[in-house]
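Q: Provided below: final_34.txt, containing compact mmCIF, C-alpha atoms.
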```txt
# COMPACT_ATOMS: atom_id res chain seq x y z
CA MET A 82 103.33 87.50 50.19
CA ASP A 83 100.57 86.67 52.60
CA ILE A 84 97.25 86.88 50.82
CA ARG A 85 95.68 88.23 54.00
CA SER A 86 97.79 91.38 53.77
CA ILE A 87 95.67 92.49 50.79
CA PRO A 88 92.90 94.55 52.44
CA LEU A 89 90.08 93.00 50.40
CA PHE A 90 91.13 89.46 51.25
CA GLU A 91 91.68 90.41 54.87
CA ALA A 92 88.16 91.81 55.01
CA ILE A 93 86.72 88.68 53.37
CA THR A 94 88.57 86.37 55.74
CA ARG A 95 87.47 88.36 58.73
CA ARG A 96 83.90 88.44 57.51
CA MET A 97 83.95 84.65 57.13
CA SER A 98 85.23 84.11 60.65
CA TRP A 99 82.72 86.61 62.00
CA LEU A 100 79.87 84.77 60.25
CA THR A 101 81.13 81.45 61.66
CA ASP A 102 81.19 82.91 65.17
CA ARG A 103 77.72 84.29 64.67
CA GLN A 104 76.49 80.87 63.59
CA THR A 105 77.77 79.48 66.92
CA VAL A 106 75.97 82.20 68.89
CA LEU A 107 72.73 81.53 66.98
CA ALA A 108 73.11 77.78 67.58
CA GLU A 109 73.43 78.51 71.30
CA ASN A 110 70.22 80.52 71.20
CA VAL A 111 68.29 77.78 69.41
CA ALA A 112 69.63 75.03 71.67
CA ASN A 113 68.53 77.06 74.70
CA ALA A 114 65.14 77.99 73.26
CA ASN A 115 63.42 76.26 76.20
CA THR A 116 65.90 77.00 78.98
CA PRO A 117 64.27 79.09 81.72
CA GLY A 118 65.82 82.51 82.21
CA TYR A 119 67.97 82.36 79.06
CA ASN A 120 68.39 85.56 77.02
CA GLU A 121 68.97 85.49 73.28
CA LYS A 122 72.25 86.94 72.07
CA ASP A 123 73.72 88.18 68.83
CA LEU A 124 77.24 89.12 67.75
CA LYS A 125 78.06 92.78 67.39
CA GLU A 126 78.50 93.88 63.79
CA PRO A 127 82.16 94.76 63.34
CA ASP A 128 83.39 97.69 61.28
CA PHE A 129 84.31 96.30 57.87
CA LYS A 130 84.46 99.70 56.19
CA GLY A 131 87.70 100.64 57.94
CA LEU A 132 89.31 97.47 56.62
CA LEU A 133 88.45 98.16 52.99
CA GLY A 134 89.73 101.72 53.13
CA GLY A 135 93.12 100.32 54.06
CA THR A 136 93.02 101.98 57.45
CA SER A 137 92.25 99.24 59.93
CA THR A 138 90.77 100.58 63.12
CA ALA A 139 91.39 97.34 64.95
CA VAL A 140 93.52 97.54 68.06
CA HIS A 141 96.30 94.99 68.18
CA LEU A 142 98.43 93.93 71.09
CA VAL A 143 102.13 94.60 70.68
CA ALA A 144 104.50 91.81 71.65
CA THR A 145 107.71 93.33 72.98
CA GLN A 146 108.83 90.31 74.97
CA PRO A 147 109.03 86.66 73.84
CA GLY A 148 106.32 85.52 76.29
CA HIS A 149 103.74 88.15 75.31
CA ILE A 150 100.32 87.23 74.01
CA THR A 151 99.45 88.58 70.57
CA THR A 152 96.05 89.21 69.03
CA PRO A 153 94.87 86.12 67.18
CA PRO A 154 94.93 86.41 63.38
CA GLY A 155 91.50 87.26 62.09
CA GLY A 156 91.40 90.26 64.30
CA THR A 157 89.12 91.72 66.85
CA ILE A 158 86.79 89.57 68.88
CA ALA A 159 83.35 91.10 68.66
CA GLY A 160 81.28 91.01 71.81
CA THR A 161 77.74 89.75 72.07
CA VAL A 162 74.67 91.86 72.64
CA ASP A 163 71.44 90.92 74.34
CA THR A 164 68.63 91.02 71.76
CA THR A 165 65.81 89.77 73.98
CA GLU A 166 62.53 91.43 73.13
CA ASP A 167 59.87 89.27 74.65
CA ARG A 168 59.79 86.59 77.31
CA THR A 169 57.73 83.48 77.82
CA LEU A 170 56.28 82.53 81.20
CA ASN A 171 59.39 80.62 82.28
CA GLY A 172 61.58 83.67 81.66
CA ASN A 173 63.05 82.47 78.36
CA GLY A 174 63.73 85.24 75.87
CA VAL A 175 64.49 83.30 72.67
CA SER A 176 62.28 83.82 69.62
CA ILE A 177 62.78 80.77 67.40
CA GLU A 178 61.33 82.55 64.35
CA ALA A 179 63.82 85.41 64.64
CA GLN A 180 66.67 82.95 65.12
CA MET A 181 65.68 80.94 62.04
CA MET A 182 65.65 84.13 60.01
CA LYS A 183 69.09 85.08 61.27
CA VAL A 184 70.47 81.59 60.63
CA SER A 185 69.38 81.60 56.99
CA GLU A 186 70.56 85.19 56.55
CA ASN A 187 73.90 84.14 58.01
CA ALA A 188 74.25 81.18 55.64
CA ALA A 189 73.37 83.39 52.65
CA ASP A 190 75.94 86.00 53.73
CA TYR A 191 78.54 83.28 54.03
CA ALA A 192 77.73 82.02 50.53
CA LEU A 193 78.08 85.58 49.24
CA THR A 194 81.41 86.06 50.97
CA THR A 195 82.91 82.82 49.67
CA THR A 196 81.69 83.68 46.16
CA LEU A 197 83.45 87.03 46.45
CA TYR A 198 86.59 85.24 47.56
CA LYS A 199 86.44 82.87 44.61
CA GLN A 200 85.78 85.66 42.12
CA ASN A 201 88.72 87.69 43.35
CA MET A 202 90.91 84.62 43.32
CA ALA A 203 89.85 84.02 39.71
CA LEU A 204 90.97 87.57 38.86
CA PHE A 205 94.38 86.85 40.35
CA LYS A 206 94.65 83.62 38.42
CA THR A 207 93.75 85.38 35.18
CA VAL A 208 96.58 87.84 35.79
CA LEU A 209 98.97 85.01 36.54
CA GLY A 210 97.94 83.30 33.34
CA ASN A 211 96.52 80.02 34.56
CA GLY A 212 92.98 81.10 35.29
CA GLY A 213 91.65 78.64 32.72
CA MET B 195 87.28 74.23 63.06
CA GLU B 196 84.88 76.87 64.22
CA LEU B 197 81.75 75.45 62.60
CA ASP B 198 82.17 72.36 64.79
CA LYS B 199 80.94 74.48 67.67
CA SER B 200 77.64 75.18 65.90
CA PHE B 201 77.21 71.46 65.25
CA ALA B 202 78.03 70.56 68.85
CA VAL B 203 75.57 73.10 70.27
CA ALA B 204 72.79 72.05 67.91
CA PHE B 205 73.36 68.36 68.70
CA ALA B 206 73.20 69.15 72.43
CA GLY B 207 69.91 70.94 71.81
CA MET B 208 68.53 67.98 69.87
CA SER B 209 69.44 65.43 72.51
CA ALA B 210 67.92 67.61 75.25
CA GLN B 211 64.69 67.86 73.24
CA SER B 212 64.55 64.13 72.59
CA GLU B 213 65.04 63.49 76.31
CA ARG B 214 62.05 65.77 76.87
CA LEU B 215 60.04 63.90 74.26
CA LYS B 216 60.86 60.62 76.03
CA VAL B 217 59.47 61.99 79.31
CA ILE B 218 56.34 63.25 77.55
CA ALA B 219 55.85 59.78 76.05
CA GLU B 220 56.14 58.25 79.53
CA ASN B 221 53.52 60.66 80.84
CA LEU B 222 51.11 59.94 78.00
CA ALA B 223 51.61 56.18 78.23
CA ASN B 224 50.86 56.28 81.95
CA ALA B 225 47.93 58.68 81.75
CA ASP B 226 45.66 55.99 83.19
CA SER B 227 48.06 54.13 85.48
CA THR B 228 46.45 54.01 88.90
CA ALA B 229 47.99 52.64 92.09
CA GLN B 230 47.70 49.03 93.28
CA SER B 231 46.39 49.83 96.76
CA PRO B 232 44.22 52.62 98.25
CA ASP B 233 47.06 54.26 100.24
CA ALA B 234 49.53 54.47 97.33
CA ASP B 235 49.76 57.28 94.78
CA PRO B 236 49.01 56.75 91.08
CA TYR B 237 51.51 57.61 88.33
CA LYS B 238 52.94 61.10 88.84
CA ARG B 239 53.52 63.44 85.94
CA GLN B 240 57.18 64.25 85.19
CA VAL B 241 58.67 67.37 83.64
CA VAL B 242 62.21 67.98 82.38
CA ASN B 243 64.28 70.98 83.44
CA PHE B 244 66.68 72.55 80.99
CA GLU B 245 69.85 74.33 81.95
CA ASP B 246 72.47 76.13 79.87
CA VAL B 247 75.94 74.79 80.54
CA LEU B 248 79.29 76.11 79.41
CA ASP B 249 81.18 73.51 77.42
CA LYS B 250 84.66 74.24 78.73
CA GLN B 251 86.42 72.45 75.92
CA LEU B 252 84.66 74.37 73.15
CA GLY B 253 83.88 77.53 75.11
CA VAL B 254 80.23 77.64 74.07
CA ASP B 255 76.91 77.61 75.90
CA THR B 256 75.27 74.25 75.27
CA VAL B 257 72.12 72.91 76.85
CA LYS B 258 71.42 69.83 78.94
CA VAL B 259 68.59 68.31 80.93
CA SER B 260 69.46 69.29 84.48
CA GLY B 261 66.91 67.00 86.07
CA ILE B 262 63.45 65.54 85.93
CA THR B 263 60.91 66.87 88.40
CA THR B 264 58.00 64.75 89.54
CA ILE B 265 54.82 66.71 90.15
CA GLN B 266 53.37 65.48 93.46
CA THR B 267 50.00 67.21 93.50
CA GLY B 268 46.84 67.59 91.44
CA PHE B 269 45.59 64.00 91.26
CA GLY B 270 42.12 63.41 89.97
CA ARG B 271 39.44 61.20 91.53
CA ARG B 272 37.20 58.70 89.85
CA TYR B 273 34.31 56.76 91.38
CA GLU B 274 34.99 53.06 90.85
CA PRO B 275 34.16 50.97 93.96
CA GLY B 276 35.38 47.59 92.65
CA HIS B 277 38.89 48.84 91.86
CA PRO B 278 41.79 47.48 93.99
CA ALA B 279 42.98 51.05 94.64
CA ALA B 280 39.55 52.37 95.65
CA ASP B 281 39.33 53.95 99.10
CA ALA B 282 36.54 53.41 101.66
CA SER B 283 34.10 55.68 99.81
CA GLY B 284 34.83 54.01 96.45
CA TYR B 285 37.08 56.66 94.88
CA VAL B 286 40.26 55.87 92.94
CA LYS B 287 43.06 58.43 92.62
CA THR B 288 43.94 59.05 88.96
CA PRO B 289 47.28 60.39 87.62
CA ASN B 290 47.86 64.14 87.34
CA VAL B 291 48.55 63.83 83.60
CA ASN B 292 46.58 66.10 81.29
CA SER B 293 46.88 64.87 77.70
CA ILE B 294 46.25 68.33 76.22
CA THR B 295 49.13 69.79 78.23
CA GLU B 296 51.36 66.91 77.21
CA LEU B 297 50.47 67.31 73.54
CA MET B 298 51.25 71.04 73.71
CA ASP B 299 54.57 70.21 75.31
CA MET B 300 55.23 67.63 72.63
CA ARG B 301 54.59 70.16 69.86
CA GLU B 302 57.00 72.59 71.48
CA ALA B 303 59.68 69.92 71.81
CA GLN B 304 59.18 68.97 68.16
CA ARG B 305 59.42 72.58 67.03
CA SER B 306 62.63 73.16 68.98
CA TYR B 307 64.10 69.94 67.60
CA GLU B 308 63.37 71.10 64.06
CA ALA B 309 64.92 74.49 64.78
CA ASN B 310 68.14 72.78 65.85
CA LEU B 311 68.04 70.70 62.67
CA ASN B 312 67.76 73.90 60.65
CA VAL B 313 70.84 75.28 62.36
CA ILE B 314 72.75 72.12 61.41
CA ASP B 315 71.55 72.46 57.80
CA ALA B 316 72.73 76.06 57.66
CA ALA B 317 76.10 75.22 59.21
CA LYS B 318 76.46 72.34 56.77
CA SER B 319 75.82 74.60 53.78
CA MET B 320 78.37 77.08 55.15
CA LEU B 321 80.91 74.30 55.51
CA SER B 322 80.40 73.05 51.98
CA ARG B 323 80.71 76.64 50.74
CA ALA B 324 84.00 76.99 52.54
CA LEU B 325 85.26 73.76 51.01
CA ASP B 326 84.04 74.99 47.64
CA VAL B 327 86.59 77.79 47.75
CA LEU B 328 89.25 75.14 47.18
CA HIS B 329 87.79 74.34 43.78
CA GLY B 330 88.37 77.95 42.75
```
If you took the structure in this file and wrote it as structure tokens, what would it be?
A:
Amino acid sequence: MDIRSIPLFEAITRRMSWLTDRQTVLAENVANANTPGYNEKDLKEPDFKGLLGGTSTAVHLVATQPGHITTPPGGTIAGTVDTTEDRTLNGNGVSIEAQMMKVSENAADYALTTTLYKQNMALFKTVLGNGG
Amino acid sequence: MELDKSFAVAFAGMSAQSERLKVIAENLANADSTAQSPDADPYKRQVVNFEDVLDKQLGVDTVKVSGITTIQTGFGRRYEPGHPAADASGYVKTPNVNSITELMDMREAQRSYEANLNVIDAAKSMLSRALDVLHG
């Protein structure tokens, strides 16, 4: 049995990959904090509630022919949104303070998610009898 | 490995900022470099230009120094008749470097560099958390 087919684990895995993607987007913002005309971006928050209820709202591609492309595992690719609020004189819209806050929030969320994963894994191991 | 992208972007940001810091250091070091003859120009202030570039291999927006612009105007004048670069009326052209502006620029470069370092720290802690899952 694939562990990802359990809704909770699927949600956790997806959350982890979303947080990783968000970290990349935030890194792009910080690296371009002095690039003229650059707008800060953020990843759209995906719908995790649907996943936990067992009814995934994600749209998947159906492969009916051998050469068809399928949706990558890990699910929907969330788009980015422009979060620019204020601009400097050279037209740059990145607020380093806001980015730093988001980066630390992101790392904390990731820590929380991996802890959840470990805890749930421990439950499974207890049931299987080698949880130690 | 997805977190590699964060590292790559942050490293690109750091090297762009250190390039900028190098140019600022050149400006500050040459703040008093005048020309050798009356018809030549003294040291000209340089500024870096940043540009966001798409890293095609990783598919992320990194940053690079797209070029260094030399500012051609705004020289100062100082009265010093004995100087080799003094003109007929005894004035020497001085560089268009303003140390206060350069110091402000330096602070900004430093702050951006630190921000990139913070991103690397955060990505590193995420990575070690992910590896921690293995220990169950």
Q: Can you tell me, as an MDAnalysis selection string, what residues are no more than 12 Å from Arg103 in chain A when counting all atoms listed in the file, ignoring any on the same chain fewer than 2 positions away?
A: (chainID A and resid 96:101 105:110 122:127 158:162 180 183:188 190:191) or (chainID B and resid 196:197 199:200 254 313 316:317 320)
Q: Output C-alpha atoms for every residue in that selection, as a PDB file, in the coordinates of the input.
A:
```pdb
ATOM      1  CA  ARG A  96      83.900  88.440  57.510  1.00  0.00           C
ATOM      2  CA  MET A  97      83.950  84.650  57.130  1.00  0.00           C
ATOM      3  CA  SER A  98      85.230  84.110  60.650  1.00  0.00           C
ATOM      4  CA  TRP A  99      82.720  86.610  62.000  1.00  0.00           C
ATOM      5  CA  LEU A 100      79.870  84.770  60.250  1.00  0.00           C
ATOM      6  CA  THR A 101      81.130  81.450  61.660  1.00  0.00           C
ATOM      7  CA  THR A 105      77.770  79.480  66.920  1.00  0.00           C
ATOM      8  CA  VAL A 106      75.970  82.200  68.890  1.00  0.00           C
ATOM      9  CA  LEU A 107      72.730  81.530  66.980  1.00  0.00           C
ATOM     10  CA  ALA A 108      73.110  77.780  67.580  1.00  0.00           C
ATOM     11  CA  GLU A 109      73.430  78.510  71.300  1.00  0.00           C
ATOM     12  CA  ASN A 110      70.220  80.520  71.200  1.00  0.00           C
ATOM     13  CA  LYS A 122      72.250  86.940  72.070  1.00  0.00           C
ATOM     14  CA  ASP A 123      73.720  88.180  68.830  1.00  0.00           C
ATOM     15  CA  LEU A 124      77.240  89.120  67.750  1.00  0.00           C
ATOM     16  CA  LYS A 125      78.060  92.780  67.390  1.00  0.00           C
ATOM     17  CA  GLU A 126      78.500  93.880  63.790  1.00  0.00           C
ATOM     18  CA  PRO A 127      82.160  94.760  63.340  1.00  0.00           C
ATOM     19  CA  ILE A 158      86.790  89.570  68.880  1.00  0.00           C
ATOM     20  CA  ALA A 159      83.350  91.100  68.660  1.00  0.00           C
ATOM     21  CA  GLY A 160      81.280  91.010  71.810  1.00  0.00           C
ATOM     22  CA  THR A 161      77.740  89.750  72.070  1.00  0.00           C
ATOM     23  CA  VAL A 162      74.670  91.860  72.640  1.00  0.00           C
ATOM     24  CA  GLN A 180      66.670  82.950  65.120  1.00  0.00           C
ATOM     25  CA  LYS A 183      69.090  85.080  61.270  1.00  0.00           C
ATOM     26  CA  VAL A 184      70.470  81.590  60.630  1.00  0.00           C
ATOM     27  CA  SER A 185      69.380  81.600  56.990  1.00  0.00           C
ATOM     28  CA  GLU A 186      70.560  85.190  56.550  1.00  0.00           C
ATOM     29  CA  ASN A 187      73.900  84.140  58.010  1.00  0.00           C
ATOM     30  CA  ALA A 188      74.250  81.180  55.640  1.00  0.00           C
ATOM     31  CA  ASP A 190      75.940  86.000  53.730  1.00  0.00           C
ATOM     32  CA  TYR A 191      78.540  83.280  54.030  1.00  0.00           C
TER      33      TYR A 191
ATOM     34  CA  GLU B 196      84.880  76.870  64.220  1.00  0.00           C
ATOM     35  CA  LEU B 197      81.750  75.450  62.600  1.00  0.00           C
ATOM     36  CA  LYS B 199      80.940  74.480  67.670  1.00  0.00           C
ATOM     37  CA  SER B 200      77.640  75.180  65.900  1.00  0.00           C
ATOM     38  CA  VAL B 254      80.230  77.640  74.070  1.00  0.00           C
ATOM     39  CA  VAL B 313      70.840  75.280  62.360  1.00  0.00           C
ATOM     40  CA  ALA B 316      72.730  76.060  57.660  1.00  0.00           C
ATOM     41  CA  ALA B 317      76.100  75.220  59.210  1.00  0.00           C
ATOM     42  CA  MET B 320      78.370  77.080  55.150  1.00  0.00           C
TER      43      MET B 320
END
```
Q: Distance cut-off 8 Å, centre (68.1, 79.3, 84.6) in file coordinates, counting only C-alpha atoms: which residues qualify? Return them as number ranges by chain.
A: A: 116-119; B: 244-246
Q: Would you work out the distance separating CA of Gln211 in chain B from CA of Arg305 in chain B, expressed in Å to one decimal?
A: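 It comes out at 9.4 Å.
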Q: Compute the chain B side of the contact with chain A at 10 Å, counting all atoms listed in the file, and hand it back as a ChimeraX atom specification.
A: /B:195-211,243-247,254-259,302-303,305-330
Q: Interatomic distance between CA of Gly268 in chain B and CA of Arg168 in chain A?
A: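 That distance, rounded to one decimal, is 27.0 Å.
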Q: One decimal, in Å: what's the spacing between CA of Thr267 in chain B and CA of Ala234 in chain B?
A: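 Answer for the CA of Thr267 in chain B to CA of Ala234 in chain B separation: 13.3 Å.
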Q: Kindly indicate which residue among A:Arg95, A:Ile87, A:Asn120, A:Pro147 lies nearest to Asn173 in chain A, using only C-alpha atoms for the distances.
A: A:Asn120
Q: Check the smallest atom-to-atom distance from each of B:Gln266, B:Thr228, B:Asp249, B:Gln304 to Tyr285 in chain B using only C-alpha atoms, then report the winner.
A: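 Answer, going by the shortest atom-to-atom distance: B:Thr228.
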